[in-house]
file entry_5.cif (mmCIF, C-alpha atoms)
data_coords
#
loop_
_atom_site.group_PDB
_atom_site.id
_atom_site.type_symbol
_atom_site.label_atom_id
_atom_site.label_comp_id
_atom_site.auth_asym_id
_atom_site.auth_seq_id
_atom_site.Cartn_x
_atom_site.Cartn_y
_atom_site.Cartn_z
ATOM 1 C CA MET A 79 61.942 -29.562 0.215
ATOM 2 C CA GLN A 80 64.753 -30.071 2.742
ATOM 3 C CA PHE A 81 66.857 -33.225 2.547
ATOM 4 C CA SER A 82 69.209 -34.599 5.183
ATOM 5 C CA ARG A 83 71.847 -32.021 6.137
ATOM 6 C CA ARG A 84 74.462 -34.764 6.310
ATOM 7 C CA MET A 85 74.355 -34.846 2.508
ATOM 8 C CA ASP A 86 75.376 -31.189 2.221
ATOM 9 C CA ASN A 87 79.049 -31.950 2.865
ATOM 10 C CA LEU A 88 79.082 -35.106 0.746
ATOM 11 C CA ALA A 89 80.489 -34.688 -2.747
ATOM 12 C CA PRO A 90 78.905 -36.634 -5.639
ATOM 13 C CA TYR A 91 80.467 -40.081 -5.941
ATOM 14 C CA LEU A 92 83.453 -39.753 -8.275
ATOM 15 C CA PHE A 93 82.884 -42.860 -10.374
ATOM 16 C CA ALA A 94 79.150 -42.208 -10.743
ATOM 17 C CA GLY A 95 80.036 -38.864 -12.296
ATOM 18 C CA ILE A 96 82.550 -40.487 -14.626
ATOM 19 C CA GLU A 97 79.930 -43.051 -15.701
ATOM 20 C CA LEU A 98 77.540 -40.246 -16.667
ATOM 21 C CA LYS A 99 80.239 -38.509 -18.712
ATOM 22 C CA ILE A 100 81.117 -41.753 -20.489
ATOM 23 C CA ALA A 101 77.442 -42.458 -21.280
ATOM 24 C CA GLU A 102 77.013 -38.936 -22.657
ATOM 25 C CA LYS A 103 80.040 -39.255 -24.945
ATOM 26 C CA ARG A 104 78.964 -42.679 -26.191
ATOM 27 C CA LYS A 105 75.567 -41.255 -27.108
ATOM 28 C CA GLN A 106 77.499 -38.760 -29.230
ATOM 29 C CA GLY A 107 79.213 -41.639 -31.020
ATOM 30 C CA VAL A 108 82.560 -41.281 -29.263
ATOM 31 C CA ASP A 109 84.548 -44.506 -28.778
ATOM 32 C CA VAL A 110 85.462 -43.993 -25.113
ATOM 33 C CA ILE A 111 88.366 -45.666 -23.361
ATOM 34 C CA SER A 112 87.168 -45.692 -19.764
ATOM 35 C CA LEU A 113 89.661 -44.733 -17.078
ATOM 36 C CA GLY A 114 86.942 -44.878 -14.431
ATOM 37 C CA ILE A 115 86.230 -47.655 -11.964
ATOM 38 C CA GLY A 116 88.506 -50.696 -12.244
ATOM 39 C CA ASP A 117 86.443 -53.620 -13.520
ATOM 40 C CA PRO A 118 88.083 -56.854 -14.736
ATOM 41 C CA ASP A 119 87.454 -57.617 -18.411
ATOM 42 C CA ILE A 120 88.072 -61.336 -17.822
ATOM 43 C CA PRO A 121 84.908 -63.357 -16.986
ATOM 44 C CA THR A 122 84.267 -64.997 -13.638
ATOM 45 C CA PRO A 123 85.763 -68.523 -13.794
ATOM 46 C CA ALA A 124 83.403 -71.134 -15.217
ATOM 47 C CA TYR A 125 83.614 -73.374 -12.134
ATOM 48 C CA ILE A 126 82.211 -70.541 -9.970
ATOM 49 C CA VAL A 127 79.436 -69.724 -12.452
ATOM 50 C CA GLU A 128 78.462 -73.406 -12.640
ATOM 51 C CA GLU A 129 78.335 -73.687 -8.851
ATOM 52 C CA MET A 130 76.188 -70.554 -8.681
ATOM 53 C CA GLN A 131 73.777 -72.049 -11.218
ATOM 54 C CA ARG A 132 73.434 -75.162 -9.054
ATOM 55 C CA GLN A 133 72.928 -73.164 -5.881
ATOM 56 C CA VAL A 134 70.363 -70.770 -7.385
ATOM 57 C CA ALA A 135 68.261 -73.795 -8.353
ATOM 58 C CA ASP A 136 68.295 -75.112 -4.770
ATOM 59 C CA PRO A 137 65.201 -73.848 -2.900
ATOM 60 C CA ARG A 138 67.041 -74.103 0.414
ATOM 61 C CA ASN A 139 68.978 -71.000 -0.644
ATOM 62 C CA HIS A 140 65.860 -68.938 -1.351
ATOM 63 C CA ARG A 141 65.175 -67.990 2.268
ATOM 64 C CA TYR A 142 66.540 -65.225 4.466
ATOM 65 C CA PRO A 143 70.237 -65.834 5.156
ATOM 66 C CA SER A 144 71.954 -65.406 8.483
ATOM 67 C CA ASN A 145 73.129 -61.826 8.880
ATOM 68 C CA ARG A 146 76.619 -62.983 9.903
ATOM 69 C CA GLY A 147 76.825 -65.392 6.971
ATOM 70 C CA LEU A 148 76.799 -69.157 6.574
ATOM 71 C CA LEU A 149 79.104 -70.945 8.982
ATOM 72 C CA GLU A 150 80.534 -72.894 6.026
ATOM 73 C CA TYR A 151 81.358 -69.615 4.307
ATOM 74 C CA GLY A 152 83.091 -68.338 7.428
ATOM 75 C CA GLU A 153 85.031 -71.584 7.732
ATOM 76 C CA ALA A 154 86.132 -71.383 4.084
ATOM 77 C CA ALA A 155 87.220 -67.746 4.449
ATOM 78 C CA THR A 156 89.113 -68.300 7.700
ATOM 79 C CA ALA A 157 90.769 -71.420 6.258
ATOM 80 C CA PHE A 158 91.904 -69.231 3.356
ATOM 81 C CA TYR A 159 93.392 -66.723 5.810
ATOM 82 C CA LYS A 160 95.214 -69.520 7.626
ATOM 83 C CA ARG A 161 96.638 -70.917 4.377
ATOM 84 C CA ARG A 162 97.409 -67.588 2.736
ATOM 85 C CA PHE A 163 98.526 -65.397 5.646
ATOM 86 C CA GLY A 164 99.099 -67.809 8.533
ATOM 87 C CA VAL A 165 96.368 -66.037 10.516
ATOM 88 C CA GLU A 166 94.025 -67.961 12.832
ATOM 89 C CA LEU A 167 90.471 -66.544 12.964
ATOM 90 C CA ASP A 168 87.287 -67.685 14.683
ATOM 91 C CA PRO A 169 84.664 -68.095 11.915
ATOM 92 C CA GLU A 170 81.851 -67.418 14.393
ATOM 93 C CA LYS A 171 83.233 -64.320 16.143
ATOM 94 C CA GLU A 172 85.894 -62.813 13.870
ATOM 95 C CA PHE A 173 84.186 -63.113 10.487
ATOM 96 C CA MET A 174 81.173 -61.531 8.797
ATOM 97 C CA ALA A 175 79.750 -61.833 5.292
ATOM 98 C CA LEU A 176 79.461 -58.597 3.320
ATOM 99 C CA LEU A 177 77.532 -57.443 0.264
ATOM 100 C CA GLY A 178 80.838 -56.368 -1.247
ATOM 101 C CA ALA A 179 83.704 -54.618 0.545
ATOM 102 C CA LYS A 180 82.331 -51.174 -0.366
ATOM 103 C CA GLU A 181 79.235 -51.821 1.715
ATOM 104 C CA GLY A 182 81.346 -53.025 4.626
ATOM 105 C CA LEU A 183 83.539 -49.929 4.477
ATOM 106 C CA ALA A 184 80.510 -47.650 4.581
ATOM 107 C CA HIS A 185 78.776 -49.523 7.376
ATOM 108 C CA ILE A 186 81.866 -49.753 9.559
ATOM 109 C CA CYS A 187 81.744 -45.956 9.602
ATOM 110 C CA MET A 188 78.166 -46.178 10.856
ATOM 111 C CA ALA A 189 79.174 -48.692 13.500
ATOM 112 C CA LEU A 190 82.232 -46.838 14.814
ATOM 113 C CA LEU A 191 81.902 -43.105 14.113
ATOM 114 C CA ASP A 192 79.757 -40.424 15.724
ATOM 115 C CA ALA A 193 79.179 -36.872 14.594
ATOM 116 C CA GLY A 194 82.237 -34.812 15.494
ATOM 117 C CA ASP A 195 84.654 -37.770 15.504
ATOM 118 C CA LEU A 196 87.778 -37.638 13.354
ATOM 119 C CA ALA A 197 88.796 -40.136 10.672
ATOM 120 C CA LEU A 198 92.222 -40.398 9.029
ATOM 121 C CA VAL A 199 91.857 -41.094 5.310
ATOM 122 C CA PRO A 200 94.628 -41.777 2.735
ATOM 123 C CA ASP A 201 94.989 -39.299 -0.109
ATOM 124 C CA PRO A 202 94.750 -40.396 -2.877
ATOM 125 C CA GLY A 203 92.339 -43.121 -1.880
ATOM 126 C CA TYR A 204 89.071 -44.922 -2.498
ATOM 127 C CA PRO A 205 86.279 -42.324 -2.142
ATOM 128 C CA VAL A 206 84.201 -44.428 0.269
ATOM 129 C CA TYR A 207 86.700 -43.908 3.105
ATOM 130 C CA ALA A 208 85.984 -40.187 3.214
ATOM 131 C CA GLY A 209 82.387 -40.447 2.005
ATOM 132 C CA GLY A 210 81.343 -42.978 4.646
ATOM 133 C CA SER A 211 82.968 -40.891 7.376
ATOM 134 C CA ILE A 212 81.384 -37.640 6.217
ATOM 135 C CA MET A 213 77.939 -39.253 6.048
ATOM 136 C CA MET A 214 78.278 -40.023 9.750
ATOM 137 C CA GLY A 215 79.089 -36.391 10.493
ATOM 138 C CA ALA A 216 82.747 -37.109 11.186
ATOM 139 C CA GLU A 217 85.616 -34.809 10.309
ATOM 140 C CA VAL A 218 88.170 -36.109 7.812
ATOM 141 C CA LYS A 219 91.907 -35.460 7.937
ATOM 142 C CA TYR A 220 93.965 -36.726 5.019
ATOM 143 C CA LEU A 221 97.128 -38.813 5.186
ATOM 144 C CA GLU A 222 99.191 -37.790 2.166
ATOM 145 C CA LEU A 223 100.635 -40.680 0.163
ATOM 146 C CA ARG A 224 103.799 -39.374 -1.478
ATOM 147 C CA PRO A 225 106.057 -41.186 -3.959
ATOM 148 C CA GLU A 226 109.190 -40.361 -1.948
ATOM 149 C CA ASN A 227 107.703 -42.373 0.923
ATOM 150 C CA GLY A 228 106.623 -45.299 -1.244
ATOM 151 C CA PHE A 229 103.025 -44.040 -1.097
ATOM 152 C CA LEU A 230 102.882 -45.015 2.577
ATOM 153 C CA PRO A 231 101.525 -42.577 5.174
ATOM 154 C CA ASP A 232 104.088 -40.947 7.448
ATOM 155 C CA PHE A 233 102.656 -41.496 10.919
ATOM 156 C CA GLU A 234 105.272 -39.248 12.501
ATOM 157 C CA ALA A 235 104.055 -36.361 10.346
ATOM 158 C CA VAL A 236 100.545 -36.544 11.822
ATOM 159 C CA PRO A 237 100.262 -33.631 14.287
ATOM 160 C CA LEU A 238 99.899 -34.724 17.907
ATOM 161 C CA PRO A 239 96.451 -33.089 18.367
ATOM 162 C CA VAL A 240 95.195 -34.874 15.227
ATOM 163 C CA ARG A 241 96.478 -38.300 16.204
ATOM 164 C CA LYS A 242 95.011 -37.936 19.699
ATOM 165 C CA ALA A 243 91.636 -36.835 18.325
ATOM 166 C CA ALA A 244 91.429 -39.504 15.609
ATOM 167 C CA LYS A 245 89.089 -42.442 16.175
ATOM 168 C CA LEU A 246 89.380 -44.313 12.892
ATOM 169 C CA MET A 247 92.119 -44.729 10.282
ATOM 170 C CA PHE A 248 91.717 -46.268 6.828
ATOM 171 C CA LEU A 249 94.580 -48.120 5.140
ATOM 172 C CA ASN A 250 94.597 -49.938 1.803
ATOM 173 C CA TYR A 251 97.485 -52.139 0.604
ATOM 174 C CA PRO A 252 98.065 -53.113 -2.120
ATOM 175 C CA ASN A 253 96.960 -49.553 -2.720
ATOM 176 C CA ASN A 254 94.292 -48.161 -4.983
ATOM 177 C CA PRO A 255 95.139 -46.098 -7.008
ATOM 178 C CA THR A 256 98.952 -46.010 -6.608
ATOM 179 C CA GLY A 257 99.648 -49.757 -6.730
ATOM 180 C CA ALA A 258 101.994 -49.441 -3.731
ATOM 181 C CA VAL A 259 102.503 -52.375 -1.384
ATOM 182 C CA ALA A 260 103.210 -52.508 2.342
ATOM 183 C CA ASP A 261 105.475 -54.914 4.206
ATOM 184 C CA LEU A 262 104.960 -56.328 7.679
ATOM 185 C CA ASP A 263 107.220 -53.689 9.209
ATOM 186 C CA PHE A 264 104.835 -50.984 7.992
ATOM 187 C CA PHE A 265 101.798 -52.845 9.304
ATOM 188 C CA SER A 266 103.552 -53.347 12.642
ATOM 189 C CA ARG A 267 104.209 -49.605 12.862
ATOM 190 C CA ALA A 268 100.587 -48.916 11.930
ATOM 191 C CA VAL A 269 99.333 -51.192 14.712
ATOM 192 C CA ASP A 270 101.689 -49.527 17.219
ATOM 193 C CA PHE A 271 100.519 -46.074 16.095
ATOM 194 C CA ALA A 272 96.882 -47.130 16.468
ATOM 195 C CA ARG A 273 97.425 -48.691 19.875
ATOM 196 C CA GLU A 274 99.348 -45.688 21.221
ATOM 197 C CA ASN A 275 96.649 -43.270 20.075
ATOM 198 C CA GLU A 276 93.539 -45.425 20.613
ATOM 199 C CA ILE A 277 92.685 -45.462 16.914
ATOM 200 C CA ILE A 278 90.785 -48.241 15.132
ATOM 201 C CA ILE A 279 92.304 -49.349 11.807
ATOM 202 C CA VAL A 280 90.081 -50.364 8.911
ATOM 203 C CA HIS A 281 92.293 -52.113 6.355
ATOM 204 C CA ASP A 282 90.858 -52.530 2.867
ATOM 205 C CA CYS A 283 92.561 -55.673 1.583
ATOM 206 C CA ALA A 284 90.606 -55.975 -1.673
ATOM 207 C CA TYR A 285 93.685 -56.150 -3.928
ATOM 208 C CA SER A 286 95.833 -58.549 -1.919
ATOM 209 C CA GLU A 287 95.720 -61.302 -4.534
ATOM 210 C CA VAL A 288 96.633 -59.159 -7.560
ATOM 211 C CA ARG A 289 100.418 -59.506 -7.434
ATOM 212 C CA TYR A 290 103.383 -60.051 -9.712
ATOM 213 C CA ASP A 291 106.900 -61.475 -9.868
ATOM 214 C CA GLY A 292 106.277 -63.857 -6.972
ATOM 215 C CA TYR A 293 105.639 -61.035 -4.493
ATOM 216 C CA ALA A 294 103.628 -62.079 -1.419
ATOM 217 C CA THR A 295 101.313 -59.369 -0.115
ATOM 218 C CA HIS A 296 100.298 -59.181 3.538
ATOM 219 C CA SER A 297 97.287 -58.913 5.793
ATOM 220 C CA ILE A 298 97.514 -56.458 8.685
ATOM 221 C CA LEU A 299 96.201 -59.296 10.856
ATOM 222 C CA GLU A 300 99.563 -61.033 10.500
ATOM 223 C CA VAL A 301 100.883 -58.565 13.088
ATOM 224 C CA GLU A 302 100.615 -59.986 16.600
ATOM 225 C CA GLY A 303 97.771 -58.327 18.481
ATOM 226 C CA ALA A 304 96.430 -56.535 15.403
ATOM 227 C CA GLY A 305 92.921 -57.774 16.154
ATOM 228 C CA ASP A 306 92.907 -55.487 19.203
ATOM 229 C CA VAL A 307 92.907 -52.423 16.946
ATOM 230 C CA ALA A 308 92.014 -53.580 13.429
ATOM 231 C CA ILE A 309 89.311 -54.953 11.178
ATOM 232 C CA GLU A 310 90.041 -56.003 7.597
ATOM 233 C CA MET A 311 87.826 -56.140 4.503
ATOM 234 C CA HIS A 312 88.491 -58.870 1.948
ATOM 235 C CA SER A 313 86.720 -59.162 -1.397
ATOM 236 C CA PHE A 314 86.096 -61.634 -4.210
ATOM 237 C CA SER A 315 85.767 -58.827 -6.764
ATOM 238 C CA LYS A 316 89.313 -58.575 -8.090
ATOM 239 C CA THR A 317 90.586 -61.996 -6.977
ATOM 240 C CA PHE A 318 87.955 -63.963 -8.903
ATOM 241 C CA ASN A 319 86.600 -61.335 -11.351
ATOM 242 C CA MET A 320 83.347 -61.165 -9.373
ATOM 243 C CA THR A 321 82.782 -57.401 -9.172
ATOM 244 C CA GLY A 322 79.084 -57.647 -9.982
ATOM 245 C CA TRP A 323 78.384 -60.481 -7.548
ATOM 246 C CA ARG A 324 78.722 -58.263 -4.453
ATOM 247 C CA VAL A 325 80.293 -60.722 -2.086
ATOM 248 C CA ALA A 326 83.070 -60.155 0.438
ATOM 249 C CA TRP A 327 83.799 -60.477 4.132
ATOM 250 C CA ALA A 328 85.080 -58.579 7.144
ATOM 251 C CA CYS A 329 87.404 -60.177 9.654
ATOM 252 C CA GLY A 330 89.569 -59.236 12.617
ATOM 253 C CA GLY A 331 88.825 -57.955 16.094
ATOM 254 C CA ALA A 332 85.684 -59.640 17.456
ATOM 255 C CA ASP A 333 84.389 -56.404 19.006
ATOM 256 C CA PHE A 334 84.643 -54.569 15.683
ATOM 257 C CA VAL A 335 82.963 -57.420 13.808
ATOM 258 C CA ALA A 336 80.155 -57.443 16.395
ATOM 259 C CA ALA A 337 79.659 -53.674 16.010
ATOM 260 C CA LEU A 338 79.512 -54.050 12.233
ATOM 261 C CA SER A 339 77.014 -56.899 12.604
ATOM 262 C CA LYS A 340 74.797 -54.756 14.828
ATOM 263 C CA ALA A 341 74.734 -51.971 12.241
ATOM 264 C CA LYS A 342 74.191 -54.272 9.262
ATOM 265 C CA SER A 343 71.477 -56.385 10.890
ATOM 266 C CA ASN A 344 69.386 -53.240 11.249
ATOM 267 C CA ILE A 345 69.853 -52.290 7.589
ATOM 268 C CA ASP A 346 70.177 -55.342 5.339
ATOM 269 C CA SER A 347 69.174 -58.992 5.462
ATOM 270 C CA GLY A 348 72.473 -60.634 4.668
ATOM 271 C CA THR A 349 74.119 -62.092 1.580
ATOM 272 C CA PHE A 350 72.156 -64.429 -0.715
ATOM 273 C CA MET A 351 73.096 -67.953 0.345
ATOM 274 C CA ALA A 352 73.669 -69.105 -3.228
ATOM 275 C CA VAL A 353 76.307 -66.374 -3.645
ATOM 276 C CA GLN A 354 77.984 -67.402 -0.391
ATOM 277 C CA ARG A 355 78.138 -71.015 -1.573
ATOM 278 C CA ALA A 356 79.606 -69.882 -4.881
ATOM 279 C CA GLY A 357 82.197 -68.015 -2.822
ATOM 280 C CA ILE A 358 83.035 -71.218 -0.978
ATOM 281 C CA ALA A 359 83.609 -72.903 -4.331
ATOM 282 C CA ALA A 360 85.766 -70.002 -5.481
ATOM 283 C CA LEU A 361 88.040 -70.290 -2.457
ATOM 284 C CA GLY A 362 88.182 -74.052 -2.866
ATOM 285 C CA ASN A 363 90.005 -73.697 -6.200
ATOM 286 C CA TYR A 364 91.997 -70.560 -5.363
ATOM 287 C CA ASP A 365 95.368 -72.157 -6.114
ATOM 288 C CA GLY A 366 94.172 -73.459 -9.464
ATOM 289 C CA PHE A 367 92.958 -70.071 -10.677
ATOM 290 C CA ILE A 368 94.904 -67.175 -9.168
ATOM 291 C CA GLY A 369 98.225 -68.052 -10.822
ATOM 292 C CA GLU A 370 96.593 -68.076 -14.249
ATOM 293 C CA LEU A 371 94.891 -64.713 -13.628
ATOM 294 C CA ASN A 372 98.022 -62.970 -12.372
ATOM 295 C CA ALA A 373 100.075 -64.395 -15.240
ATOM 296 C CA GLU A 374 97.692 -62.658 -17.651
ATOM 297 C CA TYR A 375 97.903 -59.385 -15.708
ATOM 298 C CA GLN A 376 101.698 -59.642 -15.620
ATOM 299 C CA ARG A 377 101.774 -60.237 -19.381
ATOM 300 C CA ARG A 378 99.724 -57.072 -19.893
ATOM 301 C CA ARG A 379 101.897 -55.108 -17.486
ATOM 302 C CA ASP A 380 105.082 -56.162 -19.265
ATOM 303 C CA ALA A 381 103.560 -55.316 -22.656
ATOM 304 C CA SER A 382 102.584 -51.842 -21.464
ATOM 305 C CA ARG A 383 106.126 -51.282 -20.194
ATOM 306 C CA ARG A 384 107.565 -52.269 -23.566
ATOM 307 C CA ILE A 385 105.154 -49.992 -25.391
ATOM 308 C CA GLY A 386 105.909 -47.155 -22.988
ATOM 309 C CA GLY A 387 109.639 -47.665 -23.453
ATOM 310 C CA ASP A 388 109.270 -47.650 -27.235
ATOM 311 C CA VAL A 389 107.293 -44.395 -27.088
ATOM 312 C CA VAL A 390 109.913 -42.714 -24.888
ATOM 313 C CA ALA A 391 112.717 -43.909 -27.169
ATOM 314 C CA GLN A 392 110.893 -42.589 -30.239
ATOM 315 C CA GLN A 393 110.331 -39.210 -28.572
ATOM 316 C CA LYS A 394 114.011 -38.942 -27.671
ATOM 317 C CA SER A 395 115.090 -39.815 -31.196
ATOM 318 C CA GLN A 396 112.795 -37.135 -32.555
ATOM 319 C CA GLY A 397 113.757 -34.510 -29.968
#
call {"tool": "encode", "arguments": {"input": "entry_5.cif", "output": "structure tokens"}}
result
Amino acid sequence: MQFSRRMDNLAPYLFAGIELKIAEKRKQGVDVISLGIGDPDIPTPAYIVEEMQRQVADPRNHRYPSNRGLLEYGEAATAFYKRRFGVELDPEKEFMALLGAKEGLAHICMALLDAGDLALVPDPGYPVYAGGSIMMGAEVKYLELRPENGFLPDFEAVPLPVRKAAKLMFLNYPNNPTGAVADLDFFSRAVDFARENEIIIVHDCAYSEVRYDGYATHSILEVEGAGDVAIEMHSFSKTFNMTGWRVAWACGGADFVAALSKAKSNIDSGTFMAVQRAGIAALGNYDGFIGELNAEYQRRRDASRRIGGDVVAQQKSQG
């Protein structure tokens, strides 16, 4: 039996393979420490769970949702962007609800790429950037993220024929898996590079709220005119420990959001309204929760540094 040829060039999903290996070892009685997909071990905040329980019980939420998302959800998300990044967005034209950022990343490839197009993908990077592009029949060229460059892509190193052929470029800061961050100067250069070469930027902003030592991360949409070349994905997964809830949004250039909406409306039926309303509640108490979460992550980070330092010191004393 012949399956779709587009799957021939698509590698098995990395984390799915890791999950199978972990399950196999656990069956053998091995106590596995998983270094696979990043999944918070802290529960979703109680105030979000309680709001979800209320909303699930409301029959008004049991019907088909709007594909674009509830207007109230869009207003809450765009108000968050205004407060957090100083970015003004139209909740009706520059916002769209997603079933998790991963889904949005895959479907933006469907909306913007044709077979034979070229996508620029960071390496290392989240597998969906390359996978979504390959599924559409696009060619992938990798942007190497090197430590000597702060794990930022070197746009000047992209060969002229590649930059002129590229249609889409994925960026992701704070970065998974390196942890690198990008300042507004980098995002400004990225927007200039995209504009000069007629490239659309897809910025995965899923980790923007996981930050330490008072550092303020950025949205690419803070750059003036970024909406002309960029769309950004923002997620509840890591910010509110909601990885299993599958709720996120896309925002940015209205034309890109409209293209994504056209693709998604032909494939899915939107995000469960109760989940959207729980998301509204989550954003409503952002300031009361995020500091507590990041303080815990910073405590763990500092502890791991101390342990690492002790191990190095012990090795030196023994060597």
call {"tool": "axis_aligned_box", "arguments": {"input": "entry_5.cif", "around": "region 328-344 of chain A", "padding_each_side": "8 Å", "output": "lines of an AutoDock Vina configuration file"}}
result
center_x = 79.5
center_y = -56.1
center_z = 13.1
size_x = 36.2
size_y = 24.2
size_z = 27.9
call {"tool": "resolve_selection", "arguments": {"input": "entry_5.cif", "expression": "the PyMOL selection byres ((chain A and resi 307) around 8)", "output": "list in words"}}
result
Val269, Ala272, Arg273, Glu276, Ile277, Ile278, Ile279, Gly303, Ala304, Gly305, Asp306, Ala308, Ile309 and Gly331 of chain A
call {"tool": "resolve_selection", "arguments": {"input": "entry_5.cif", "expression": "the PyMOL selection byres ((chain A and resi 168) around 12)", "output": "list of chain:residue names"}}
result
A:Leu149, A:Gly152, A:Glu153, A:Ala154, A:Ala155, A:Thr156, A:Ala157, A:Tyr159, A:Lys160, A:Val165, A:Glu166, A:Leu167, A:Pro169, A:Glu170, A:Lys171, A:Glu172, A:Phe173, A:Met174, A:Gly305, A:Cys329, A:Gly330, A:Gly331, A:Ala332, A:Val335
call {"tool": "write_last_selection", "arguments": {"input": "entry_5.cif", "atoms": "C-alpha atoms", "output": "PDB file, in the coordinates of the input"}}
result
ATOM      1  CA  LEU A 149      79.104 -70.945   8.982  1.00  0.00           C
ATOM      2  CA  GLY A 152      83.091 -68.338   7.428  1.00  0.00           C
ATOM      3  CA  GLU A 153      85.031 -71.584   7.732  1.00  0.00           C
ATOM      4  CA  ALA A 154      86.132 -71.383   4.084  1.00  0.00           C
ATOM      5  CA  ALA A 155      87.220 -67.746   4.449  1.00  0.00           C
ATOM      6  CA  THR A 156      89.113 -68.300   7.700  1.00  0.00           C
ATOM      7  CA  ALA A 157      90.769 -71.420   6.258  1.00  0.00           C
ATOM      8  CA  TYR A 159      93.392 -66.723   5.810  1.00  0.00           C
ATOM      9  CA  LYS A 160      95.214 -69.520   7.626  1.00  0.00           C
ATOM     10  CA  VAL A 165      96.368 -66.037  10.516  1.00  0.00           C
ATOM     11  CA  GLU A 166      94.025 -67.961  12.832  1.00  0.00           C
ATOM     12  CA  LEU A 167      90.471 -66.544  12.964  1.00  0.00           C
ATOM     13  CA  PRO A 169      84.664 -68.095  11.915  1.00  0.00           C
ATOM     14  CA  GLU A 170      81.851 -67.418  14.393  1.00  0.00           C
ATOM     15  CA  LYS A 171      83.233 -64.320  16.143  1.00  0.00           C
ATOM     16  CA  GLU A 172      85.894 -62.813  13.870  1.00  0.00           C
ATOM     17  CA  PHE A 173      84.186 -63.113  10.487  1.00  0.00           C
ATOM     18  CA  MET A 174      81.173 -61.531   8.797  1.00  0.00           C
ATOM     19  CA  GLY A 305      92.921 -57.774  16.154  1.00  0.00           C
ATOM     20  CA  CYS A 329      87.404 -60.177   9.654  1.00  0.00           C
ATOM     21  CA  GLY A 330      89.569 -59.236  12.617  1.00  0.00           C
ATOM     22  CA  GLY A 331      88.825 -57.955  16.094  1.00  0.00           C
ATOM     23  CA  ALA A 332      85.684 -59.640  17.456  1.00  0.00           C
ATOM     24  CA  VAL A 335      82.963 -57.420  13.808  1.00  0.00           C
TER      25      VAL A 335
END
call {"tool": "residues_around", "arguments": {"input": "entry_5.cif", "residues": "region 207-215 of chain A", "least_positions_apart": "5", "cutoff": "6 Å", "atoms": "all atoms listed in the file", "output": "list of chain:residue names"}}
result
A:Arg84, A:Ala184, A:Cys187, A:Ala193
call {"tool": "resolve_selection", "arguments": {"input": "entry_5.cif", "expression": "the PyMOL selection byres ((chain A and resi 107-122) around 7)", "output": "list in words"}}
result
Phe93, Ile96, Ile100, Lys103, Arg104, Lys105, Gln106, Pro123, Ala124, Ile126, Val127, Lys316, Phe318, Asn319, Met320 and Thr321 of chain A
call {"tool": "atom_distance", "arguments": {"input": "entry_5.cif", "atom1": "CA of Ile368 (chain A)", "atom2": "CA of Glu150 (chain A)"}}
result
21.7 Å
call {"tool": "atom_distance", "arguments": {"input": "entry_5.cif", "atom1": "CA of Leu177 (chain A)", "atom2": "CA of Arg324 (chain A)"}}
result
4.9 Å
call {"tool": "decode", "arguments": {"input": "entry_5.cif", "residues": "region 174-185 of chain A", "atoms": "N, CA and C atoms", "output": "PDB file, in the first residue's frame"}}
result
ATOM      1  N   MET A 174      -5.348  35.308  16.619  1.00  0.00           N
ATOM      2  CA  MET A 174      -6.086  34.078  16.344  1.00  0.00           C
ATOM      3  C   MET A 174      -5.809  33.047  17.412  1.00  0.00           C
ATOM      4  N   ALA A 175      -6.853  32.403  17.911  1.00  0.00           N
ATOM      5  CA  ALA A 175      -6.700  31.340  18.900  1.00  0.00           C
ATOM      6  C   ALA A 175      -6.086  30.107  18.248  1.00  0.00           C
ATOM      7  N   LEU A 176      -5.245  29.418  19.006  1.00  0.00           N
ATOM      8  CA  LEU A 176      -4.591  28.201  18.526  1.00  0.00           C
ATOM      9  C   LEU A 176      -4.825  27.048  19.495  1.00  0.00           C
ATOM     10  N   LEU A 177      -4.752  25.840  18.954  1.00  0.00           N
ATOM     11  CA  LEU A 177      -4.802  24.624  19.773  1.00  0.00           C
ATOM     12  C   LEU A 177      -3.379  24.262  20.201  1.00  0.00           C
ATOM     13  N   GLY A 178      -2.716  25.212  20.832  1.00  0.00           N
ATOM     14  CA  GLY A 178      -1.307  25.052  21.176  1.00  0.00           C
ATOM     15  C   GLY A 178      -0.435  25.661  20.083  1.00  0.00           C
ATOM     16  N   ALA A 179       0.739  26.164  20.466  1.00  0.00           N
ATOM     17  CA  ALA A 179       1.626  26.806  19.499  1.00  0.00           C
ATOM     18  C   ALA A 179       2.149  25.815  18.464  1.00  0.00           C
ATOM     19  N   LYS A 180       2.318  24.562  18.854  1.00  0.00           N
ATOM     20  CA  LYS A 180       2.819  23.550  17.904  1.00  0.00           C
ATOM     21  C   LYS A 180       1.897  23.440  16.704  1.00  0.00           C
ATOM     22  N   GLU A 181       0.608  23.403  16.954  1.00  0.00           N
ATOM     23  CA  GLU A 181      -0.364  23.344  15.864  1.00  0.00           C
ATOM     24  C   GLU A 181      -0.263  24.571  14.974  1.00  0.00           C
ATOM     25  N   GLY A 182      -0.128  25.751  15.592  1.00  0.00           N
ATOM     26  CA  GLY A 182      -0.015  26.968  14.805  1.00  0.00           C
ATOM     27  C   GLY A 182       1.230  26.980  13.934  1.00  0.00           C
ATOM     28  N   LEU A 183       2.337  26.482  14.473  1.00  0.00           N
ATOM     29  CA  LEU A 183       3.581  26.431  13.711  1.00  0.00           C
ATOM     30  C   LEU A 183       3.448  25.514  12.509  1.00  0.00           C
ATOM     31  N   ALA A 184       2.785  24.387  12.684  1.00  0.00           N
ATOM     32  CA  ALA A 184       2.596  23.461  11.568  1.00  0.00           C
ATOM     33  C   ALA A 184       1.659  24.043  10.520  1.00  0.00           C
ATOM     34  N   HIS A 185       0.569  24.649  10.964  1.00  0.00           N
ATOM     35  CA  HIS A 185      -0.411  25.154  10.011  1.00  0.00           C
ATOM     36  C   HIS A 185       0.027  26.434   9.313  1.00  0.00           C
TER      37      HIS A 185
END
